[in-house]
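Have a look at work38.cif below; it lists mmCIF, C-alpha atoms and all ligand atoms.
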```cif
data_target
#
loop_
_atom_site.group_PDB
_atom_site.id
_atom_site.type_symbol
_atom_site.label_atom_id
_atom_site.label_comp_id
_atom_site.auth_asym_id
_atom_site.auth_seq_id
_atom_site.Cartn_x
_atom_site.Cartn_y
_atom_site.Cartn_z
ATOM 1 C CA MET A 1 3.882 -11.635 18.878
ATOM 2 C CA GLY A 2 6.031 -14.638 17.962
ATOM 3 C CA ARG A 3 4.366 -16.624 20.736
ATOM 4 C CA ARG A 4 0.855 -15.762 19.493
ATOM 5 C CA VAL A 5 1.729 -16.589 15.874
ATOM 6 C CA VAL A 6 3.063 -19.984 16.963
ATOM 7 C CA ALA A 7 0.013 -20.603 19.161
ATOM 8 C CA LEU A 8 -2.554 -19.706 16.482
ATOM 9 C CA ALA A 9 -0.682 -21.351 13.597
ATOM 10 C CA SER A 10 -0.294 -24.592 15.564
ATOM 11 C CA GLU A 11 -4.102 -24.742 15.933
ATOM 12 C CA ASP A 12 -4.582 -24.349 12.147
ATOM 13 C CA THR A 13 -4.662 -27.797 10.550
ATOM 14 C CA SER A 14 -3.838 -26.366 7.103
ATOM 15 C CA LEU A 15 -0.446 -25.135 8.373
ATOM 16 C CA LYS A 16 2.766 -26.782 9.519
ATOM 17 C CA ILE A 17 5.259 -24.720 11.500
ATOM 18 C CA VAL A 18 8.738 -25.660 10.287
ATOM 19 C CA GLY A 19 10.813 -23.063 12.105
ATOM 20 C CA ALA A 20 10.733 -20.532 14.946
ATOM 21 C CA ILE A 21 13.618 -18.119 14.771
ATOM 22 C CA ASP A 22 15.076 -15.800 17.381
ATOM 23 C CA HIS A 23 18.525 -14.350 17.955
ATOM 24 C CA GLN A 24 21.460 -16.208 19.479
ATOM 25 C CA GLY A 25 21.111 -14.561 22.885
ATOM 26 C CA ASN A 26 17.527 -15.691 23.444
ATOM 27 C CA PRO A 27 17.392 -17.815 26.644
ATOM 28 C CA HIS A 28 14.717 -20.134 25.178
ATOM 29 C CA LEU A 29 16.828 -21.346 22.220
ATOM 30 C CA GLY A 30 16.622 -25.142 21.990
ATOM 31 C CA GLU A 31 13.242 -25.304 23.746
ATOM 32 C CA ASP A 32 10.126 -26.461 21.890
ATOM 33 C CA ALA A 33 8.481 -23.390 20.304
ATOM 34 C CA GLY A 34 4.985 -24.602 21.244
ATOM 35 C CA VAL A 35 6.001 -24.806 24.901
ATOM 36 C CA VAL A 36 7.680 -21.372 24.742
ATOM 37 C CA ALA A 37 4.355 -20.096 23.358
ATOM 38 C CA GLY A 38 2.598 -21.575 26.418
ATOM 39 C CA PHE A 39 1.046 -24.577 24.656
ATOM 40 C CA ALA A 40 1.747 -28.196 23.781
ATOM 41 C CA PRO A 41 5.037 -29.168 22.095
ATOM 42 C CA ILE A 42 4.996 -28.860 18.287
ATOM 43 C CA GLY A 43 8.277 -30.642 17.586
ATOM 44 C CA VAL A 44 10.061 -27.470 16.428
ATOM 45 C CA GLU A 45 12.860 -25.961 18.493
ATOM 46 C CA LEU A 46 13.299 -22.221 18.868
ATOM 47 C CA SER A 47 16.515 -21.648 16.936
ATOM 48 C CA SER A 48 18.781 -18.934 15.581
ATOM 49 C CA LYS A 49 19.346 -21.045 12.439
ATOM 50 C CA TRP A 50 17.195 -20.517 9.391
ATOM 51 C CA PRO A 51 15.208 -23.672 8.519
ATOM 52 C CA GLU A 52 15.180 -25.209 5.030
ATOM 53 C CA GLU A 53 12.106 -25.994 2.903
ATOM 54 C CA VAL A 54 10.083 -22.978 4.010
ATOM 55 C CA GLU A 55 6.973 -21.980 2.041
ATOM 56 C CA VAL A 56 6.436 -18.609 3.722
ATOM 57 C CA VAL A 57 8.001 -16.548 6.534
ATOM 58 C CA ILE A 58 6.220 -14.274 9.022
ATOM 59 C CA ASP A 59 8.427 -11.648 10.636
ATOM 60 C CA PHE A 60 7.465 -9.988 13.924
ATOM 61 C CA SER A 61 10.829 -8.934 15.336
ATOM 62 C CA LEU A 62 12.867 -5.769 15.657
ATOM 63 C CA PRO A 63 14.636 -3.623 13.056
ATOM 64 C CA GLU A 64 17.917 -5.292 14.144
ATOM 65 C CA ALA A 65 16.595 -8.590 12.792
ATOM 66 C CA ILE A 66 15.059 -7.475 9.513
ATOM 67 C CA ASP A 67 18.160 -7.334 7.290
ATOM 68 C CA ARG A 68 19.016 -10.982 7.818
ATOM 69 C CA CYS A 69 15.385 -11.964 7.404
ATOM 70 C CA ILE A 70 15.154 -10.207 4.030
ATOM 71 C CA GLU A 71 18.480 -11.707 2.896
ATOM 72 C CA GLU A 72 17.479 -15.272 3.869
ATOM 73 C CA CYS A 73 14.114 -14.967 2.093
ATOM 74 C CA VAL A 74 15.624 -13.494 -1.075
ATOM 75 C CA GLU A 75 18.332 -16.167 -1.177
ATOM 76 C CA ALA A 76 15.794 -18.975 -0.833
ATOM 77 C CA THR A 77 13.077 -17.119 -2.853
ATOM 78 C CA THR A 78 10.685 -17.503 0.067
ATOM 79 C CA PRO A 79 7.574 -15.277 0.273
ATOM 80 C CA LEU A 80 7.824 -12.919 3.256
ATOM 81 C CA VAL A 81 5.249 -11.223 5.512
ATOM 82 C CA VAL A 82 6.806 -8.276 7.377
ATOM 83 C CA ALA A 83 4.934 -6.940 10.402
ATOM 84 C CA THR A 84 7.880 -5.314 12.171
ATOM 85 C CA THR A 85 7.688 -1.528 12.530
ATOM 86 C CA GLY A 86 10.316 1.161 13.052
ATOM 87 C CA LEU A 87 12.385 0.212 9.988
ATOM 88 C CA SER A 88 15.028 2.684 8.793
ATOM 89 C CA ASP A 89 14.830 4.268 5.335
ATOM 90 C CA SER A 90 17.593 1.958 4.090
ATOM 91 C CA GLN A 91 15.716 -1.079 5.413
ATOM 92 C CA LYS A 92 12.564 0.107 3.649
ATOM 93 C CA ALA A 93 14.585 0.461 0.443
ATOM 94 C CA LYS A 94 15.971 -3.044 0.943
ATOM 95 C CA LEU A 95 12.465 -4.407 1.384
ATOM 96 C CA ASN A 96 11.298 -2.623 -1.765
ATOM 97 C CA ALA A 97 14.250 -4.121 -3.656
ATOM 98 C CA ALA A 98 13.478 -7.579 -2.245
ATOM 99 C CA ALA A 99 9.894 -7.266 -3.500
ATOM 100 C CA LYS A 100 11.286 -7.145 -7.046
ATOM 101 C CA LEU A 101 12.545 -10.693 -6.472
ATOM 102 C CA ILE A 102 10.037 -12.320 -4.086
ATOM 103 C CA PRO A 103 6.424 -11.722 -3.006
ATOM 104 C CA VAL A 104 6.291 -9.524 0.127
ATOM 105 C CA VAL A 105 3.378 -8.387 2.285
ATOM 106 C CA TRP A 106 4.437 -5.388 4.361
ATOM 107 C CA ALA A 107 2.009 -3.652 6.701
ATOM 108 C CA PRO A 108 2.354 -1.848 10.028
ATOM 109 C CA SER A 109 -0.901 -3.420 11.203
ATOM 110 C CA MET A 110 -2.204 -6.861 10.309
ATOM 111 C CA SER A 111 -5.532 -6.105 12.013
ATOM 112 C CA LEU A 112 -8.717 -6.196 9.919
ATOM 113 C CA ALA A 113 -10.308 -3.446 12.040
ATOM 114 C CA VAL A 114 -7.301 -1.153 11.711
ATOM 115 C CA ASN A 115 -7.077 -1.562 7.940
ATOM 116 C CA LEU A 116 -10.796 -0.937 7.566
ATOM 117 C CA THR A 117 -10.459 2.196 9.725
ATOM 118 C CA MET A 118 -7.645 3.374 7.453
ATOM 119 C CA LYS A 119 -10.085 3.238 4.548
ATOM 120 C CA LEU A 120 -12.632 5.238 6.576
ATOM 121 C CA ALA A 121 -9.946 7.787 7.466
ATOM 122 C CA GLU A 122 -9.084 8.217 3.780
ATOM 123 C CA GLN A 123 -12.742 8.813 3.006
ATOM 124 C CA VAL A 124 -13.164 11.383 5.801
ATOM 125 C CA ALA A 125 -9.975 13.232 4.792
ATOM 126 C CA GLU A 126 -10.993 13.334 1.139
ATOM 127 C CA THR A 127 -14.464 14.641 2.004
ATOM 128 C CA LEU A 128 -13.321 17.285 4.526
ATOM 129 C CA ASP A 129 -10.190 18.478 2.707
ATOM 130 C CA ASP A 130 -11.847 21.752 1.643
ATOM 131 C CA VAL A 131 -14.278 22.132 4.544
ATOM 132 C CA VAL A 132 -15.175 25.735 5.433
ATOM 133 C CA GLY A 133 -13.034 26.912 8.386
ATOM 134 C CA GLY A 134 -10.381 24.246 7.796
ATOM 135 C CA LEU A 135 -9.617 20.778 9.067
ATOM 136 C CA ASP A 136 -7.262 19.781 11.913
ATOM 137 C CA VAL A 137 -6.073 16.164 11.997
ATOM 138 C CA GLU A 138 -4.505 14.697 15.152
ATOM 139 C CA ILE A 139 -3.503 11.066 15.624
ATOM 140 C CA ILE A 140 -3.316 9.658 19.156
ATOM 141 C CA GLU A 141 -1.913 6.166 19.606
ATOM 142 C CA ARG A 142 -1.754 4.138 22.826
ATOM 143 C CA HIS A 143 0.440 1.089 23.315
ATOM 144 C CA HIS A 144 1.999 -1.049 26.051
ATOM 145 C CA ARG A 145 5.018 0.211 27.965
ATOM 146 C CA PHE A 146 7.347 -2.306 26.237
ATOM 147 C CA LYS A 147 6.933 -0.856 22.746
ATOM 148 C CA ALA A 148 10.275 0.196 21.278
ATOM 149 C CA ASP A 149 9.225 2.590 18.502
ATOM 150 C CA ALA A 150 7.157 5.791 18.542
ATOM 151 C CA PRO A 151 4.906 6.820 17.026
ATOM 152 C CA SER A 152 3.538 3.443 16.012
ATOM 153 C CA GLY A 153 3.949 2.266 12.440
ATOM 154 C CA THR A 154 0.168 2.276 12.227
ATOM 155 C CA ALA A 155 -0.089 5.940 13.301
ATOM 156 C CA LEU A 156 2.488 6.870 10.655
ATOM 157 C CA LYS A 157 0.530 4.925 8.029
ATOM 158 C CA PHE A 158 -2.713 6.675 9.014
ATOM 159 C CA GLY A 159 -0.856 9.985 8.634
ATOM 160 C CA GLU A 160 0.613 9.015 5.259
ATOM 161 C CA LEU A 161 -2.782 7.997 3.857
ATOM 162 C CA ILE A 162 -4.520 11.125 5.192
ATOM 163 C CA ALA A 163 -1.718 13.403 3.932
ATOM 164 C CA LYS A 164 -2.172 11.983 0.421
ATOM 165 C CA LYS A 165 -5.767 13.234 0.530
ATOM 166 C CA LEU A 166 -4.887 16.632 2.058
ATOM 167 C CA GLY A 167 -2.070 17.487 -0.317
ATOM 168 C CA PRO A 168 1.728 17.649 -0.602
ATOM 169 C CA ASP A 169 2.130 20.625 1.791
ATOM 170 C CA THR A 170 0.986 18.540 4.771
ATOM 171 C CA MET A 171 3.534 18.550 7.613
ATOM 172 C CA HIS A 172 3.911 15.834 10.247
ATOM 173 C CA ILE A 173 4.304 17.270 13.766
ATOM 174 C CA HIS A 174 5.324 14.960 16.611
ATOM 175 C CA GLY A 175 4.010 16.249 19.961
ATOM 176 C CA ARG A 176 3.846 19.919 20.999
ATOM 177 C CA GLU A 177 5.553 21.853 23.750
ATOM 178 C CA GLY A 178 6.247 25.456 24.672
ATOM 179 C CA HIS A 179 5.113 28.554 22.799
ATOM 180 C CA THR A 180 4.066 26.736 19.644
ATOM 181 C CA GLY A 181 1.891 29.514 18.254
ATOM 182 C CA GLU A 182 -1.416 28.967 16.520
ATOM 183 C CA ARG A 183 -1.959 25.618 14.888
ATOM 184 C CA THR A 184 -1.601 25.727 11.106
ATOM 185 C CA ARG A 185 -4.159 24.118 8.794
ATOM 186 C CA CYS A 186 -1.573 21.991 7.005
ATOM 187 C CA GLU A 187 -0.256 19.760 9.769
ATOM 188 C CA ILE A 188 -1.023 16.325 11.166
ATOM 189 C CA GLY A 189 -0.173 15.996 14.872
ATOM 190 C CA TYR A 190 1.028 12.690 16.390
ATOM 191 C CA HIS A 191 0.840 11.755 20.087
ATOM 192 C CA ALA A 192 2.274 8.496 21.409
ATOM 193 C CA VAL A 193 0.917 7.285 24.771
ATOM 194 C CA ARG A 194 2.676 4.340 26.504
ATOM 195 C CA VAL A 195 0.603 2.701 29.245
ATOM 196 C CA GLY A 196 0.615 -0.729 30.901
ATOM 197 C CA ASP A 197 -0.251 -3.636 28.614
ATOM 198 C CA ASN A 198 -2.380 -1.796 26.028
ATOM 199 C CA PRO A 199 -2.342 -4.036 22.899
ATOM 200 C CA GLY A 200 -2.831 -1.061 20.557
ATOM 201 C CA GLU A 201 -5.342 1.745 20.120
ATOM 202 C CA HIS A 202 -5.506 4.511 17.526
ATOM 203 C CA THR A 203 -7.740 7.581 17.570
ATOM 204 C CA ILE A 204 -7.865 9.870 14.563
ATOM 205 C CA VAL A 205 -9.419 13.242 15.362
ATOM 206 C CA PHE A 206 -10.788 15.295 12.469
ATOM 207 C CA GLY A 207 -11.452 18.695 14.076
ATOM 208 C CA MET A 208 -13.448 21.452 12.414
ATOM 209 C CA LEU A 209 -14.942 24.705 13.706
ATOM 210 C CA GLY A 210 -18.182 23.669 15.436
ATOM 211 C CA GLU A 211 -17.857 19.870 15.232
ATOM 212 C CA LYS A 212 -15.444 16.966 15.096
ATOM 213 C CA ILE A 213 -15.221 13.335 14.039
ATOM 214 C CA GLU A 214 -13.161 10.772 15.942
ATOM 215 C CA LEU A 215 -12.328 7.376 14.502
ATOM 216 C CA ASN A 216 -11.224 4.992 17.235
ATOM 217 C CA VAL A 217 -9.933 1.483 16.700
ATOM 218 C CA ALA A 218 -8.662 -0.601 19.608
ATOM 219 C CA ALA A 219 -7.400 -4.154 19.981
ATOM 220 C CA SER A 220 -8.707 -6.190 22.939
ATOM 221 C CA ASN A 221 -5.712 -8.496 22.666
ATOM 222 C CA ARG A 222 -2.864 -9.156 20.207
ATOM 223 C CA ASP A 223 -4.468 -12.060 18.346
ATOM 224 C CA CYS A 224 -5.934 -9.719 15.703
ATOM 225 C CA TYR A 225 -2.360 -9.060 14.539
ATOM 226 C CA ALA A 226 -1.234 -12.690 14.704
ATOM 227 C CA SER A 227 -4.284 -14.015 12.864
ATOM 228 C CA GLY A 228 -3.992 -11.220 10.271
ATOM 229 C CA ALA A 229 -0.361 -12.139 9.643
ATOM 230 C CA ILE A 230 -1.262 -15.818 9.264
ATOM 231 C CA ALA A 231 -4.016 -14.886 6.783
ATOM 232 C CA ALA A 232 -1.488 -12.767 4.877
ATOM 233 C CA ALA A 233 1.000 -15.662 4.799
ATOM 234 C CA LYS A 234 -1.600 -18.043 3.364
ATOM 235 C CA TRP A 235 -2.667 -15.435 0.806
ATOM 236 C CA LEU A 236 0.941 -14.784 -0.253
ATOM 237 C CA ILE A 237 1.916 -18.363 -1.123
ATOM 238 C CA GLY A 238 1.876 -18.751 -4.905
ATOM 239 C CA ARG A 239 1.564 -14.993 -5.635
ATOM 240 C CA PRO A 240 3.895 -13.344 -8.153
ATOM 241 C CA LYS A 241 6.851 -11.344 -6.796
ATOM 242 C CA GLY A 242 5.876 -7.831 -5.746
ATOM 243 C CA LEU A 243 5.068 -5.610 -2.797
ATOM 244 C CA TYR A 244 1.623 -6.144 -1.285
ATOM 245 C CA ASN A 245 -0.111 -4.749 1.796
ATOM 246 C CA MET A 246 -3.050 -5.709 3.982
ATOM 247 C CA PHE A 247 -5.480 -3.822 1.733
ATOM 248 C CA ASP A 248 -4.510 -6.343 -0.975
ATOM 249 C CA VAL A 249 -4.848 -9.295 1.407
ATOM 250 C CA LEU A 250 -8.237 -8.137 2.696
ATOM 251 C CA GLY A 251 -9.543 -7.023 -0.714
ATOM 252 C CA LEU A 252 -10.054 -3.455 0.568
ATOM 253 C CA ASP A 253 -8.725 -1.713 -2.539
ATOM 254 C CA SER A 254 -11.219 -3.134 -4.983
HETATM 255 N N1 LIG B 301 2.118 -5.286 11.904
HETATM 256 C C1 LIG B 301 1.442 -5.605 13.009
HETATM 257 O O1 LIG B 301 0.236 -5.929 12.987
HETATM 258 C C2 LIG B 301 2.142 -5.591 14.328
HETATM 259 C C3 LIG B 301 3.441 -5.250 14.387
HETATM 260 N N2 LIG B 301 4.111 -5.327 15.561
HETATM 261 C C4 LIG B 301 5.517 -5.042 15.498
HETATM 262 O O2 LIG B 301 6.204 -6.286 15.562
HETATM 263 C C5 LIG B 301 7.440 -6.095 16.207
HETATM 264 C C6 LIG B 301 7.567 -7.092 17.337
HETATM 265 O O3 LIG B 301 6.662 -6.755 18.354
HETATM 266 P P1 LIG B 301 6.681 -7.540 19.751
HETATM 267 O O4 LIG B 301 6.495 -8.990 19.515
HETATM 268 O O5 LIG B 301 5.760 -6.831 20.645
HETATM 269 O O6 LIG B 301 8.171 -7.250 20.222
HETATM 270 P P2 LIG B 301 9.096 -8.091 21.209
HETATM 271 O O7 LIG B 301 10.242 -7.197 21.561
HETATM 272 O O8 LIG B 301 8.284 -8.705 22.278
HETATM 273 O O9 LIG B 301 9.600 -9.272 20.286
HETATM 274 C C7 LIG B 301 10.639 -9.121 19.345
HETATM 275 C C8 LIG B 301 11.286 -10.479 19.207
HETATM 276 O O10 LIG B 301 12.361 -10.386 18.265
HETATM 277 C C9 LIG B 301 13.494 -10.998 18.865
HETATM 278 N N3 LIG B 301 14.734 -10.458 18.323
HETATM 279 C C10 LIG B 301 15.459 -9.403 18.736
HETATM 280 N N4 LIG B 301 16.557 -9.239 17.958
HETATM 281 C C11 LIG B 301 16.530 -10.238 17.057
HETATM 282 C C12 LIG B 301 17.407 -10.644 16.018
HETATM 283 N N5 LIG B 301 18.504 -9.927 15.714
HETATM 284 N N6 LIG B 301 17.071 -11.744 15.281
HETATM 285 C C13 LIG B 301 15.947 -12.437 15.549
HETATM 286 N N7 LIG B 301 15.077 -12.105 16.525
HETATM 287 C C14 LIG B 301 15.369 -11.027 17.271
HETATM 288 C C15 LIG B 301 13.339 -10.699 20.351
HETATM 289 O O11 LIG B 301 14.125 -11.562 21.131
HETATM 290 P P3 LIG B 301 14.529 -11.115 22.638
HETATM 291 O O12 LIG B 301 13.260 -10.977 23.385
HETATM 292 O O13 LIG B 301 15.352 -12.261 23.125
HETATM 293 O O14 LIG B 301 15.285 -9.842 22.493
HETATM 294 C C16 LIG B 301 11.873 -10.985 20.527
HETATM 295 O O15 LIG B 301 11.608 -12.351 20.650
HETATM 296 C C17 LIG B 301 7.495 -4.628 16.619
HETATM 297 O O16 LIG B 301 8.179 -3.904 15.624
HETATM 298 C C18 LIG B 301 6.036 -4.215 16.649
HETATM 299 O O17 LIG B 301 5.840 -2.847 16.441
HETATM 300 C C19 LIG B 301 3.521 -5.744 16.709
HETATM 301 C C20 LIG B 301 2.211 -6.089 16.705
HETATM 302 C C21 LIG B 301 1.404 -5.986 15.524
HETATM 303 O O1 LIG B 302 4.163 -2.857 19.070
HETATM 304 C C1 LIG B 302 2.948 -3.148 19.039
HETATM 305 O O2 LIG B 302 2.358 -3.700 19.991
HETATM 306 C C2 LIG B 302 2.200 -2.818 17.833
HETATM 307 N N1 LIG B 302 2.858 -2.309 16.829
HETATM 308 C C3 LIG B 302 2.334 -1.998 15.560
HETATM 309 C C4 LIG B 302 2.560 -0.555 15.214
HETATM 310 O O3 LIG B 302 3.631 -0.010 15.553
HETATM 311 O O4 LIG B 302 1.711 0.049 14.567
HETATM 312 C C5 LIG B 302 0.922 -2.470 15.350
HETATM 313 C C6 LIG B 302 0.063 -2.543 16.575
HETATM 314 O O5 LIG B 302 -0.455 -1.277 16.830
HETATM 315 C C7 LIG B 302 0.765 -3.132 17.773
#
```

Translate this file's structure into structure tokens.
Amino acid sequence: MGRRVVALASEDTSLKIVGAIDHQGNPHLGEDAGVVAGFAPIGVELSSKWPEEVEVVIDFSLPEAIDRCIEECVEATTPLVVATTGLSDSQKAKLNAAAKLIPVVWAPSMSLAVNLTMKLAEQVAETLDDVVGGLDVEIIERHHRFKADAPSGTALKFGELIAKKLGPDTMHIHGREGHTGERTRCEIGYHAVRVGDNPGEHTIVFGMLGEKIELNVAASNRDCYASGAIAAAKWLIGRPKGLYNMFDVLGLDS
């Protein structure tokens, strides 16, 4: 994702990339970030050092990297866009605390299509909550074999939003095996598929007796996430401190 953010941001004449950060063990440290991204040099070296004079930071990394990223942004009062998924509860708490000091956009998917589908899923769940015969919700996500966390942050967010519409008794069930017994009406099932180079696909099944609805949203490549994060970064500059999400950035809550 870092490569795609660098590639797309370097093509945007309203932006100047001032730093590209990775950890100390990265073999490309010291190389031009534009070249590492597969494009022309941009005059910025991939570095483990945090640059100065930063207007906004975009983080696509791993949970191991997020603590330092939050600390650096808070110390320098730099607005922060967090796209990394799989954060621990304490890291989420740290991010919430940081948002009391700096503006933060935090979203498991920067994709316009995914965020719009989340709104549709909320609407379906709200409408079918009391449907005769009951409603079964299952979330199937497919991603590339390199993905480190499961289920995806996006699948968990879909589940969280749907559960809010279905009520506080909703349980989150991850996969099924063995003599599970009959499915209850108050659970959301999650299924994480890891195949090849899939850039991300989510299917939300709303099953009823006699019919079903499936919402499917699939990326063709990873640029939807990179361009969404860049849009979020531009939107965040100059905002008051606080925690924002992609619904705010895309105006989907109004
Ligand atoms: N919100 C969204 O729209 C999206 C979110 N994501 C999330 O973004 C994250 C990154 O995804 P992806 O790019 O595929 O993952 P990768 O594993 O390809 O990239 C992670 C990068 O972080 C670097 N890194 C590892 N440890 C540290 C550290 N301590 N400090 C700084 N950098 C570090 C890695 O370096 P090295 O390779 O040398 O280990 C690597 O360059 C994931 O959590 C993913 O789920 C992904 C796509 C969309
Ligand atoms: O790791 C990925 O690739 C992706 N991760 C995010 C997630 O966990 O939801 C977003 C997107 O689906 C791609």

Report task. Kindly resolve the PyMOL selection byres (((chain A and resi 66) around 10) and not hetatm) on the present coordinates and return the residues as a ChimeraX atom specification. Result -> /A:59-65,67-72,82,84-85,87,91-92,94-95

**Report entry** Closest of A:Thr180, A:Asn216, A:Thr170, A:Asn115 to A:Ile204 - atom-to-atom distances counting only C-alpha atoms
**Finding:**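 The closest residue to A:Ile204 is A:Asn216.
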
Nearby residues, ligand LIG 302 (chain B), 8 Å, all atoms listed in the file, as an mmCIF file with C-alpha atoms, keeping the file's coordinate frame:
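So the final result, stored in part25.cif, reads:
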```cif
data_model
loop_
_atom_site.group_PDB
_atom_site.id
_atom_site.type_symbol
_atom_site.label_atom_id
_atom_site.label_comp_id
_atom_site.auth_asym_id
_atom_site.auth_seq_id
_atom_site.Cartn_x
_atom_site.Cartn_y
_atom_site.Cartn_z
ATOM 1 C CA ALA A 83 4.934 -6.940 10.402
ATOM 2 C CA THR A 84 7.880 -5.314 12.171
ATOM 3 C CA THR A 85 7.688 -1.528 12.530
ATOM 4 C CA GLY A 86 10.316 1.161 13.052
ATOM 5 C CA PRO A 108 2.354 -1.848 10.028
ATOM 6 C CA SER A 109 -0.901 -3.420 11.203
ATOM 7 C CA MET A 110 -2.204 -6.861 10.309
ATOM 8 C CA HIS A 143 0.440 1.089 23.315
ATOM 9 C CA HIS A 144 1.999 -1.049 26.051
ATOM 10 C CA PHE A 146 7.347 -2.306 26.237
ATOM 11 C CA LYS A 147 6.933 -0.856 22.746
ATOM 12 C CA ALA A 148 10.275 0.196 21.278
ATOM 13 C CA ASP A 149 9.225 2.590 18.502
ATOM 14 C CA ALA A 150 7.157 5.791 18.542
ATOM 15 C CA PRO A 151 4.906 6.820 17.026
ATOM 16 C CA SER A 152 3.538 3.443 16.012
ATOM 17 C CA GLY A 153 3.949 2.266 12.440
ATOM 18 C CA THR A 154 0.168 2.276 12.227
ATOM 19 C CA ALA A 155 -0.089 5.940 13.301
ATOM 20 C CA LEU A 156 2.488 6.870 10.655
ATOM 21 C CA ASN A 198 -2.380 -1.796 26.028
ATOM 22 C CA PRO A 199 -2.342 -4.036 22.899
ATOM 23 C CA GLY A 200 -2.831 -1.061 20.557
ATOM 24 C CA GLU A 201 -5.342 1.745 20.120
ATOM 25 C CA HIS A 202 -5.506 4.511 17.526
ATOM 26 C CA ARG A 222 -2.864 -9.156 20.207
ATOM 27 C CA TYR A 225 -2.360 -9.060 14.539
#
```

**Report entry** Which of A:Pro79, A:Gly19, A:Gly167, A:Gly189 sits closest to A:Glu141 [using all atoms listed in the file]
**Finding:**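 Nearest to A:Glu141: A:Gly189.
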
Query raised in the report: Written as a ChimeraX atom specification, what is the full residue list that the PyMOL selection byres (((chain A and resi 9) around 12) and not hetatm) yields on the file shown?
Result: /A:1-8,10-20,33-34,37,39,42,58,223,226-231,233-234

Query raised in the report: Exactly which residues make up the result of the PyMOL selection byres (((chain A and resi 190) around 8) and not hetatm) on this file, given as JSON, numbers by chain?
Result: {"A": [138, 139, 140, 141, 151, 155, 172, 173, 174, 175, 188, 189, 191, 192]}

**Report entry** Among the residues A:Lys100, A:Lys157, A:Lys119, A:Lys165, the one that comes closest to ligand LIG 301 (chain B) [using all atoms listed in the file]
**Finding:**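 Comparing A:Lys100, A:Lys157, A:Lys119, A:Lys165 against ligand LIG 301 (chain B), the winner is A:Lys157.
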
Report summary line: From atom CA of A:Gly238 to atom CA of A:Val104 the spacing works out at 11.4 Å

Query raised in the report: With all atoms listed in the file as the atoms that count, which of A:Val105, A:Leu161, A:Val217, A:Leu80 lies nearest to A:Glu122?
Result: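 Residue with the minimum atom-to-atom distance to A:Glu122: A:Leu161.
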
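The nearest approach to ligand LIG 301 (chain B) among the residues A:Ser47, A:Asn96, A:Ser111, A:Gln123, with only C-alpha atoms and all ligand atoms taken into account, belongs to A:Ser111.
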
Report task. Name the residues in contact with A:Leu112 at a cut-off of 10 Å, using all atoms listed in the file, excluding same-chain residues fewer than 6 positions from it; report them as a PyMOL selection string. Result -> chain A and resi 118+224-225+227-228+246-247+249-250+252

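Between ligand LIG 301 (chain B) and the candidates A:Asp22, A:Glu53, A:Asp169, A:Glu214, the tightest atom-to-atom separation, counting only C-alpha atoms and all ligand atoms, involves A:Asp22.
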
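In this structure, atom CA of A:Asp32 sits 4.4 Å away from atom CA of A:Glu45.
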
**Report entry** One-decimal distance in Å that lies between atom CA of A:Ala99 and atom CA of A:Gly242
**Finding:** 4.6 Å

Ligand LIG 301 (chain B), all listed atoms, 3 Å padding on each side: what axis-aligned box centre and edge lengths in Å to one decimal come out, as lines of an AutoDock Vina configuration file?
```
center_x = 9.4
center_y = -7.6
center_z = 17.6
size_x = 24.3
size_y = 15.6
size_z = 17.5
```
